[in-house]
$ cat structure34.txt   # compact mmCIF, C-alpha atoms
# COMPACT_ATOMS: atom_id res chain seq x y z
CA MET A 1 -6.96 20.04 1.68
CA LEU A 2 -4.13 18.37 3.64
CA LYS A 3 -4.18 18.60 7.44
CA ASN A 4 -1.73 18.35 10.31
CA TRP A 5 -2.38 14.90 11.75
CA GLU A 6 -0.90 13.72 15.05
CA THR A 7 0.15 10.15 14.19
CA ILE A 8 0.83 10.43 10.44
CA LYS A 9 2.54 12.88 8.11
CA VAL A 10 2.06 13.64 4.43
CA ASP A 11 4.99 14.81 2.32
CA ASP A 12 3.88 16.59 -0.85
CA SER A 13 7.39 17.58 -1.96
CA TYR A 14 6.99 15.43 -5.07
CA ALA A 15 3.44 16.51 -5.91
CA GLU A 16 4.54 18.06 -9.20
CA GLU A 17 5.71 14.58 -10.18
CA ASN A 18 2.36 13.17 -9.04
CA VAL A 19 3.81 11.27 -6.07
CA TYR A 20 2.88 11.74 -2.40
CA ILE A 21 4.46 10.14 0.67
CA LEU A 22 2.36 9.06 3.67
CA LYS A 23 4.45 8.39 6.75
CA LEU A 24 3.34 6.58 9.91
CA ASN A 25 4.59 8.86 12.67
CA ARG A 26 4.81 7.16 16.07
CA PRO A 27 8.55 6.36 16.08
CA ASP A 28 8.75 6.15 19.89
CA ALA A 29 6.20 3.32 19.70
CA MET A 30 7.84 1.66 16.67
CA ASN A 31 4.95 3.13 14.63
CA ALA A 32 2.51 0.75 16.32
CA LEU A 33 -1.06 1.17 15.11
CA ASN A 34 -3.36 2.68 17.71
CA THR A 35 -6.94 3.82 17.36
CA LYS A 36 -6.01 7.42 16.63
CA MET A 37 -3.62 6.41 13.86
CA ALA A 38 -6.27 4.21 12.26
CA VAL A 39 -8.84 7.03 12.37
CA GLU A 40 -6.32 9.47 10.92
CA LEU A 41 -5.35 7.03 8.17
CA ILE A 42 -8.99 6.71 7.13
CA ASP A 43 -9.36 10.50 7.06
CA CYS A 44 -6.07 11.07 5.25
CA LEU A 45 -6.56 8.40 2.58
CA GLY A 46 -10.04 9.75 1.89
CA ILE A 47 -8.49 13.14 1.15
CA LEU A 48 -5.50 11.85 -0.80
CA LYS A 49 -7.56 9.79 -3.24
CA ARG A 50 -9.33 12.98 -4.34
CA LEU A 51 -6.17 14.99 -5.03
CA PRO A 52 -6.00 15.70 -8.78
CA LYS A 53 -2.19 15.44 -8.92
CA LEU A 54 -1.79 12.14 -7.10
CA ARG A 55 -1.01 9.05 -9.20
CA VAL A 56 1.22 7.09 -6.83
CA LEU A 57 1.28 6.96 -3.03
CA ILE A 58 4.32 5.79 -1.03
CA LEU A 59 3.60 4.46 2.45
CA THR A 60 6.48 4.27 4.96
CA GLY A 61 7.33 4.66 8.65
CA SER A 62 9.12 7.35 10.63
CA GLY A 63 12.58 6.59 11.96
CA SER A 64 14.95 3.86 10.88
CA LYS A 65 13.85 0.94 13.06
CA SER A 66 10.26 0.20 12.18
CA PHE A 67 7.70 0.46 9.42
CA CYS A 68 4.94 -0.68 11.80
CA VAL A 69 4.94 -3.37 14.49
CA GLY A 70 1.19 -3.89 14.32
CA GLY A 71 -1.51 -3.08 16.84
CA ASP A 72 -0.45 -1.17 19.95
CA LEU A 73 -0.74 -3.83 22.67
CA LYS A 74 -0.20 -1.23 25.40
CA GLU A 75 -3.38 0.53 24.28
CA ARG A 76 -5.20 -2.80 24.10
CA LYS A 77 -4.29 -3.84 27.66
CA GLY A 78 -7.43 -3.98 29.74
CA MET A 79 -9.82 -3.53 26.82
CA THR A 80 -13.16 -5.26 27.08
CA GLN A 81 -14.24 -7.62 24.31
CA GLU A 82 -16.61 -4.92 23.03
CA GLU A 83 -13.89 -2.26 23.04
CA TRP A 84 -11.50 -4.62 21.22
CA LYS A 85 -14.16 -5.30 18.57
CA ASP A 86 -14.93 -1.59 18.14
CA GLN A 87 -11.25 -0.83 17.67
CA HIS A 88 -10.77 -3.68 15.21
CA ASP A 89 -13.68 -2.41 13.12
CA ILE A 90 -11.76 0.86 12.73
CA PHE A 91 -8.56 -1.03 11.88
CA GLU A 92 -10.41 -3.03 9.22
CA GLU A 93 -11.66 0.15 7.59
CA ALA A 94 -8.15 1.65 7.54
CA TYR A 95 -6.73 -1.42 5.79
CA ALA A 96 -9.64 -1.48 3.34
CA GLN A 97 -8.86 2.14 2.46
CA ILE A 98 -5.31 1.13 1.56
CA ARG A 99 -6.39 -1.90 -0.49
CA ASN A 100 -9.10 0.07 -2.29
CA PHE A 101 -7.03 3.18 -2.94
CA PRO A 102 -7.65 3.97 -6.63
CA PHE A 103 -3.99 4.50 -7.57
CA PRO A 104 -0.91 2.35 -6.91
CA VAL A 105 0.32 2.30 -3.31
CA ILE A 106 3.97 1.35 -2.69
CA ALA A 107 5.28 0.43 0.75
CA ALA A 108 8.85 1.42 1.62
CA VAL A 109 9.54 -0.98 4.47
CA ASN A 110 12.18 0.81 6.55
CA GLY A 111 12.38 -1.71 9.40
CA PHE A 112 10.12 -4.11 11.29
CA ALA A 113 6.79 -4.89 9.62
CA LEU A 114 5.10 -7.25 12.03
CA GLY A 115 1.50 -8.33 12.55
CA GLY A 116 -0.72 -5.52 11.36
CA GLY A 117 2.40 -3.86 9.96
CA LEU A 118 2.92 -6.69 7.51
CA GLU A 119 -0.81 -6.75 6.77
CA MET A 120 -0.45 -3.06 5.86
CA VAL A 121 2.43 -3.93 3.53
CA LEU A 122 0.37 -6.74 1.99
CA SER A 123 -2.47 -4.28 1.43
CA CYS A 124 -0.19 -2.20 -0.80
CA ASP A 125 0.38 -2.95 -4.48
CA LEU A 126 4.19 -3.13 -4.32
CA ASN A 127 6.75 -3.08 -1.54
CA TYR A 128 10.49 -2.52 -1.27
CA VAL A 129 12.44 -3.42 1.86
CA ALA A 130 15.53 -2.08 3.60
CA GLU A 131 18.19 -4.74 4.09
CA HIS A 132 17.70 -4.71 7.88
CA ALA A 133 13.91 -5.07 7.68
CA LYS A 134 12.13 -8.06 9.20
CA LEU A 135 8.59 -9.05 8.32
CA GLY A 136 6.24 -11.45 10.02
CA LEU A 137 2.82 -12.35 11.39
CA PRO A 138 3.43 -13.31 15.05
CA GLU A 139 -0.23 -13.23 16.17
CA VAL A 140 -0.21 -16.96 16.93
CA LYS A 141 2.26 -16.22 19.76
CA ILE A 142 -0.30 -14.13 21.64
CA GLY A 143 -3.32 -16.34 21.09
CA ILE A 144 -4.96 -14.71 18.06
CA ILE A 145 -4.61 -14.88 14.28
CA PRO A 146 -4.03 -12.12 11.73
CA GLY A 147 -7.33 -10.29 11.42
CA ALA A 148 -6.67 -7.58 8.83
CA GLY A 149 -6.01 -9.79 5.82
CA GLY A 150 -2.88 -11.70 6.81
CA THR A 151 -4.22 -15.25 6.39
CA GLN A 152 -5.66 -14.33 2.98
CA LEU A 153 -3.13 -11.91 1.51
CA LEU A 154 0.08 -13.74 2.44
CA PRO A 155 -0.90 -16.99 0.61
CA ARG A 156 -1.79 -14.86 -2.40
CA ALA A 157 1.65 -13.27 -2.36
CA ILE A 158 3.86 -16.35 -1.84
CA PRO A 159 3.42 -20.14 -2.15
CA VAL A 160 0.73 -21.43 0.19
CA ALA A 161 2.95 -23.89 2.06
CA ILE A 162 5.53 -21.19 2.80
CA ALA A 163 2.79 -18.81 3.91
CA LYS A 164 1.39 -21.45 6.27
CA GLU A 165 4.84 -22.02 7.72
CA TYR A 166 5.16 -18.34 8.62
CA LEU A 167 1.59 -18.15 9.91
CA PHE A 168 1.86 -21.30 12.05
CA SER A 169 5.28 -20.43 13.48
CA GLY A 170 4.99 -16.66 13.82
CA ARG A 171 8.57 -16.58 12.57
CA GLN A 172 10.13 -13.34 11.29
CA ILE A 173 11.12 -13.18 7.63
CA PRO A 174 14.46 -11.49 6.85
CA ALA A 175 14.36 -8.92 4.05
CA GLU A 176 16.51 -11.02 1.72
CA LYS A 177 14.18 -13.99 2.09
CA ALA A 178 11.12 -11.78 1.57
CA VAL A 179 12.50 -10.83 -1.83
CA ALA A 180 13.54 -14.39 -2.67
CA THR A 181 10.04 -15.73 -1.98
CA GLY A 182 8.34 -12.96 -3.98
CA LEU A 183 6.84 -11.30 -0.92
CA SER A 184 8.79 -8.09 -1.64
CA ASN A 185 9.74 -6.46 -4.94
CA GLY A 186 13.28 -5.43 -4.07
CA LEU A 187 15.88 -4.91 -1.35
CA TYR A 188 18.03 -1.82 -0.79
CA GLN A 189 20.45 -0.41 1.73
CA ALA A 190 18.51 1.60 4.30
CA GLU A 191 19.92 4.93 3.16
CA ARG A 192 18.84 4.25 -0.43
CA LEU A 193 15.40 2.78 0.23
CA MET A 194 13.36 5.95 -0.26
CA GLU A 195 15.43 7.09 -3.23
CA GLU A 196 14.97 3.77 -5.03
CA THR A 197 11.29 3.54 -4.12
CA MET A 198 10.77 7.08 -5.35
CA GLN A 199 12.35 6.23 -8.69
CA VAL A 200 9.85 3.41 -9.18
CA ALA A 201 6.99 5.68 -8.09
CA GLN A 202 8.04 8.42 -10.51
CA GLU A 203 8.32 5.94 -13.39
CA ILE A 204 4.79 4.69 -12.69
CA ALA A 205 3.40 8.21 -12.16
CA ARG A 206 4.46 9.28 -15.66
CA ASN A 207 1.89 6.90 -17.13
CA ALA A 208 -1.76 7.56 -17.92
CA PRO A 209 -3.80 7.90 -14.70
CA LEU A 210 -6.85 6.15 -16.14
CA SER A 211 -4.66 3.24 -17.20
CA LEU A 212 -3.16 2.96 -13.71
CA LYS A 213 -6.60 2.89 -12.12
CA SER A 214 -7.94 0.39 -14.65
CA ILE A 215 -4.96 -1.95 -14.30
CA LYS A 216 -5.40 -1.99 -10.52
CA GLN A 217 -9.12 -2.70 -10.88
CA SER A 218 -8.52 -5.43 -13.46
CA VAL A 219 -5.93 -7.24 -11.37
CA GLU A 220 -7.71 -6.97 -8.02
CA ARG A 221 -11.16 -7.91 -9.27
CA GLY A 222 -9.87 -10.47 -11.76
CA LEU A 223 -7.96 -12.41 -9.12
CA GLN A 224 -11.25 -13.08 -7.32
CA ALA A 225 -13.02 -14.40 -10.43
CA ASP A 226 -12.84 -17.35 -12.81
CA LEU A 227 -10.84 -16.76 -15.99
CA HIS A 228 -13.84 -16.06 -18.22
CA SER A 229 -15.23 -13.48 -15.80
CA ALA A 230 -11.76 -12.01 -15.25
CA LEU A 231 -11.30 -11.45 -18.99
CA GLU A 232 -14.68 -9.68 -19.09
CA ILE A 233 -13.49 -7.44 -16.25
CA GLU A 234 -10.31 -6.68 -18.19
CA LEU A 235 -12.24 -5.88 -21.37
CA ASP A 236 -14.57 -3.52 -19.52
CA GLN A 237 -11.56 -1.64 -18.11
CA TYR A 238 -9.86 -1.70 -21.53
CA TYR A 239 -12.75 0.16 -23.16
CA LYS A 240 -12.86 2.70 -20.35
CA CYS A 241 -9.34 3.62 -21.43
CA ALA A 242 -9.83 3.13 -25.16
CA ASN A 243 -12.81 5.51 -25.17
CA SER A 244 -10.99 8.21 -23.20
CA ARG A 245 -9.41 11.46 -24.35
CA ASP A 246 -6.15 10.31 -22.79
CA ARG A 247 -5.99 7.37 -25.20
CA GLN A 248 -6.08 9.81 -28.13
CA GLU A 249 -3.52 12.00 -26.37
CA GLY A 250 -1.24 8.99 -25.92
CA VAL A 251 -1.43 8.11 -29.62
CA ASP A 252 -0.90 11.73 -30.68
CA ALA A 253 2.06 12.16 -28.33
CA PHE A 254 3.67 8.98 -29.65
CA ASN A 255 3.35 10.09 -33.28
CA GLU A 256 4.46 13.64 -32.49
CA LYS A 257 7.43 12.35 -30.46
CA ARG A 258 6.54 14.32 -27.32
CA LYS A 259 5.54 13.61 -23.74
CA PRO A 260 1.79 13.10 -23.31
CA ALA A 261 -0.18 15.67 -21.33
CA TRP A 262 -2.56 13.44 -19.40
CA THR A 263 -5.83 14.86 -18.09
CA GLY A 264 -7.25 11.72 -16.50
CA ALA A 265 -10.30 11.85 -18.75
$ encode --input "structure34.txt" --output "structure tokens"
Amino acid sequence: MLKNWETIKVDDSYAEENVYILKLNRPDAMNALNTKMAVELIDCLGILKRLPKLRVLILTGSGSKSFCVGGDLKERKGMTQEEWKDQHDIFEEAYAQIRNFPFPVIAAVNGFALGGGLEMVLSCDLNYVAEHAKLGLPEVKIGIIPGAGGTQLLPRAIPVAIAKEYLFSGRQIPAEKAVATGLSNGLYQAERLMEETMQVAQEIARNAPLSLKSIKQSVERGLQADLHSALEIELDQYYKCANSRDRQEGVDAFNEKRKPAWTGA
């Protein structure tokens, strides 16, 4: 089912452990997001979410300098307002595909994550950063604002006043500070970033797939609701798992002191 895309790559070396790696692959352009990459991301994510073995997806960038520096401004030079809007519609869909991916998505931030690059990171469930990485939303410096979730996702990830400071200033956030503020989950030396991220992914992927999907749904939908409604959302997801064959398999495996054989049903 996987294809050979031009601007992205998929590594299925860890498929037997239920982990796939999706790599942005425009290193000469600092993995800037152009229209083709956005279209290919939409196509690729649509395929990946249907793979029976996938339980965790790692998103990273090619090379050692950049995760993604946001929209490709060279491509945007000379665009009409209508062309800009058409392109942004495609970008929005690509980011929505990341946010709505049914299983956990982990960003391995291997360098600069700026503008749409940071919005891509914020669209993931977890993120780990290389020690040389720098994150930021510099859109204010070129006369626009973040338009793929930045003004909404950043204040949900870190304290609002700190988020506003970064949004108003366009300042870059060093990796160490990203971890200290809770924006990132952990910091590693560049050469260990993928290894450490993979260890987290493998730990998560060993768990029940229905539980992973239900936890993601409960958290994402619950955060948008009042507490009473959020608890109803959680209970609905709880019974989806409690009434599954995997729940019985989990109980049996525990009592029989063996690893569970999850089926996702």
$ residues_around --input "structure34.txt" --residues "region 30-47 of chain A" --least-positions-apart "3" --cutoff "6 Å" --atoms "only C-alpha atoms" --output "list in words"
Thr7, Arg26, Pro27, Arg50, Ser66, Cys68, Val69, Gly70, Gly71, Asp72, Phe91 and Ala94 of chain A
$ residues_around --input "structure34.txt" --residues "region 106-113 of chain A" --least-positions-apart "4" --cutoff "6 Å" --atoms "all atoms listed in the file" --output "PyMOL selection string"
chain A and resi 58-60+64-69+117-118+121+124-130+133-135
$ closest_residue --input "structure34.txt" --among "A:Leu235, A:Ala178, A:Leu223, A:Cys241" --to "Ser211 (chain A)" --atoms "all atoms listed in the file"
A:Cys241
$ closest_residue --input "structure34.txt" --among "A:Asp89, A:Phe103, A:Leu183, A:Trp5" --to "Ala201 (chain A)" --atoms "only C-alpha atoms"
A:Phe103
$ closest_residue --input "structure34.txt" --among "A:Thr197, A:Ile98, A:Leu210, A:Leu137" --to "Asn243 (chain A)" --atoms "only C-alpha atoms"
A:Leu210
$ atom_distance --input "structure34.txt" --atom1 "CA of Val200 (chain A)" --atom2 "CA of Val56 (chain A)"
9.7 Å
$ residues_around --input "structure34.txt" --residues "region 251-265 of chain A" --least-positions-apart "3" --cutoff "12 Å" --atoms "all atoms listed in the file" --output "ChimeraX atom specification"
/A:18,51-55,103,205-214,240-248
$ write_last_selection --input "structure34.txt" --atoms "C-alpha atoms" --output "PDB file, in the frame of the given file"
ATOM      1  CA  ASN A  18       2.360  13.170  -9.040  1.00  0.00           C
ATOM      2  CA  LEU A  51      -6.170  14.990  -5.030  1.00  0.00           C
ATOM      3  CA  PRO A  52      -6.000  15.700  -8.780  1.00  0.00           C
ATOM      4  CA  LYS A  53      -2.190  15.440  -8.920  1.00  0.00           C
ATOM      5  CA  LEU A  54      -1.790  12.140  -7.100  1.00  0.00           C
ATOM      6  CA  ARG A  55      -1.010   9.050  -9.200  1.00  0.00           C
ATOM      7  CA  PHE A 103      -3.990   4.500  -7.570  1.00  0.00           C
ATOM      8  CA  ALA A 205       3.400   8.210 -12.160  1.00  0.00           C
ATOM      9  CA  ARG A 206       4.460   9.280 -15.660  1.00  0.00           C
ATOM     10  CA  ASN A 207       1.890   6.900 -17.130  1.00  0.00           C
ATOM     11  CA  ALA A 208      -1.760   7.560 -17.920  1.00  0.00           C
ATOM     12  CA  PRO A 209      -3.800   7.900 -14.700  1.00  0.00           C
ATOM     13  CA  LEU A 210      -6.850   6.150 -16.140  1.00  0.00           C
ATOM     14  CA  SER A 211      -4.660   3.240 -17.200  1.00  0.00           C
ATOM     15  CA  LEU A 212      -3.160   2.960 -13.710  1.00  0.00           C
ATOM     16  CA  LYS A 213      -6.600   2.890 -12.120  1.00  0.00           C
ATOM     17  CA  SER A 214      -7.940   0.390 -14.650  1.00  0.00           C
ATOM     18  CA  LYS A 240     -12.860   2.700 -20.350  1.00  0.00           C
ATOM     19  CA  CYS A 241      -9.340   3.620 -21.430  1.00  0.00           C
ATOM     20  CA  ALA A 242      -9.830   3.130 -25.160  1.00  0.00           C
ATOM     21  CA  ASN A 243     -12.810   5.510 -25.170  1.00  0.00           C
ATOM     22  CA  SER A 244     -10.990   8.210 -23.200  1.00  0.00           C
ATOM     23  CA  ARG A 245      -9.410  11.460 -24.350  1.00  0.00           C
ATOM     24  CA  ASP A 246      -6.150  10.310 -22.790  1.00  0.00           C
ATOM     25  CA  ARG A 247      -5.990   7.370 -25.200  1.00  0.00           C
ATOM     26  CA  GLN A 248      -6.080   9.810 -28.130  1.00  0.00           C
TER      27      GLN A 248
END
